[in-house]
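Take a look at the structure set out below.
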Amino acid sequence: MNKKIGRIFKGDKVIWMVFFFLCMISIVEVFSASSGLTYKSFNYIGPIVYHAATILFGVVVAVVTLNIPCRYFKLMTPFLMLISMVTLLWVLVAGTKVGDAGRWINLFGFTFQPSEIAKGTIVLAVAQILAAMQRENGADKKAFKWILWITLPACLFIGLENLSTAAMLFFVVFLMMVIGLVPVKQLAKLAAVIIFVGVFVLSMVMLIGHDTANEDKQLTKTERIDKKGKDEKSFVEKVFHRADTWKSRIMKFGKPAPTPQQYDLDKDAQVAHANIAIVSSGIIGKGPGKSVERDFLAQAFSDFIYAIIIEELGIVGAVFVVFLYVVLLYRCARIASRCENNFPAFLVMGLGLLLVVQATFNMMVAVGLAPVTGQPLPLISKGGTSTIINCAYVGAILSVSRSAKMKKVKENVADMASV
């Protein structure tokens, strides 16, 4: 029996343990945080059954992916790049909108986010470029150009609807270039350009956007459109059509924290109830399923699930979740160090960074260290596309760990033979 299980769950055992714990935490906490969904649907068990089924399917995807030899990932890159670019353009033209963001594509009744596919595809392509253009003293100077040619268009298309995802993806690519020993001068120039572009985008957002949080001084979005006319919007306003949301989030984050008496629970509901959840948690929390703020947080099962985890599991649970992501990144680094070839090493580090950086963003938002971004907590938050694709990323990491483990075994056999 143990041998049969071992044949299915191959690869790094520590990664599997981290994956298992994250999935278990997800099922328990999403079940607790989905009270709003159960109330709306009058179905107590339905949302968690759907989420558990999604995770189970994700585990199957991870197992299938880990059985794909790493060399075949290279062959998939051109097809994934084509699919990513087509779907990213598609979502800009005819994407399904939720709120003011059009990030989803509805295809045959199945809704997914192209940005989730594009993130892993870009990491895969960058890993391939860095591996192919490695020299004795680091990456060839031309690698920098090729990486930007691939990354910038994808980040631009993603950023028009989801700026935080685009920024996160570019940050991961930048870290991969640092790991891949891209010349320091090129990285320094890129950092300077990023600062300039960041200041420009921030200026445009603050200039064009309206602080919708201050409803007493600003008109609603519908009133502004009616006043100007739908056809009178400039090209810049169309490009920065989410400027209102971005500016509102920046303004909220930039303001000094109000006292409890000054908090407006209607305008600052998400941040306010997340803070209440955290400060009322204590060391060990209220216990699984005993959250109070889940009934007031609009995205308790997604964007702010870390606040619910802290409320129910306390500081101990919060630290344990952080520890799991740290272990995940550490094991990715260990796997990369054992890889015989450059491509799997860069791939496993890129995917590890992608998961951990996103988790860091989400947790920082939940505890008030970053403005609201809408990033889910990988492998924990409720989701369809994101959950399945994150499981595929874990499967790819496990696939690399298999080949790295085989290399270590061969080295040990060779050492014994030489003795």
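Each chain in the structure tokens gets a letter, A, B and so on, in the order shown; residues start at 1 in every chain, and ligands are counted from 1 in the order they appear.
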
Distance table requested - range 68-187 of chain A against range 340-357 of chain A, cut-off 10 Å, only C-alpha atoms: one row per qualifying residue with the closest atom pair and its distance in Å to one decimal, ordered by chain and rising residue number, as a tab-separated table.
```
residue	atom	partner	partner_atom	distance
A:Cys70	CA	A:Pro344	CA	6.8
A:Arg71	CA	A:Pro344	CA	8.4
A:Phe73	CA	A:Pro344	CA	9.4
A:Lys74	CA	A:Phe343	CA	8.9
A:Lys119	CA	A:Leu354	CA	8.0
A:Gly120	CA	A:Leu351	CA	7.1
A:Ile122	CA	A:Gly350	CA	9.5
A:Val123	CA	A:Gly350	CA	5.8
A:Leu124	CA	A:Leu347	CA	6.1
A:Ala125	CA	A:Leu347	CA	8.9
A:Val126	CA	A:Leu347	CA	8.3
A:Ala127	CA	A:Phe346	CA	5.0
A:Gln128	CA	A:Phe343	CA	5.7
A:Ile129	CA	A:Phe343	CA	8.4
A:Leu130	CA	A:Phe343	CA	7.5
A:Ala131	CA	A:Phe343	CA	4.8
A:Ala132	CA	A:Phe343	CA	7.7
A:Met133	CA	A:Asn342	CA	9.9
A:Gln134	CA	A:Asn342	CA	8.1
A:Met168	CA	A:Val357	CA	7.3
A:Leu169	CA	A:Leu354	CA	7.3
A:Phe171	CA	A:Val357	CA	8.7
A:Val172	CA	A:Leu354	CA	6.2
A:Val173	CA	A:Gly350	CA	7.6
A:Leu175	CA	A:Leu353	CA	8.3
A:Met176	CA	A:Gly350	CA	6.2
A:Met177	CA	A:Phe346	CA	9.4
A:Ile179	CA	A:Phe346	CA	8.0
A:Gly180	CA	A:Phe346	CA	7.4
```

- Message: Need the shell around Ser291 in chain A: protein/DNA/RNA residues with any atom at most 7 Å away, counting only C-alpha atoms. Skip same-chain ones fewer than 4 positions apart. Format as a list in words?
- Response: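 These residues fall inside the cut-off: Lys286, Ile308, Glu311 and Glu312 of chain A.
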
- Nearest to Leu88 in chain A, chosen from A:Asp295, A:Asp12, A:Glu116, A:Glu29, with only C-alpha atoms counted in the distances: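 When distances to Leu88 in chain A are compared using only C-alpha atoms, the smallest one comes from A:Glu116.
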
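Take CA of Lys141 in chain A and CA of Ala188 in chain A: the distance between them is 13.4 Å.
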
- Task: Between CA of Ser403 in chain A and CA of Val59 in chain A, measure the distance and give it in Å to one decimal.
- Result: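 Straight-line distance from CA of Ser403 in chain A to CA of Val59 in chain A works out to 20.1 Å.
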
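The gap separating CA of Leu324 in chain A from CA of Val400 in chain A is 19.6 Å, in Å to one decimal.
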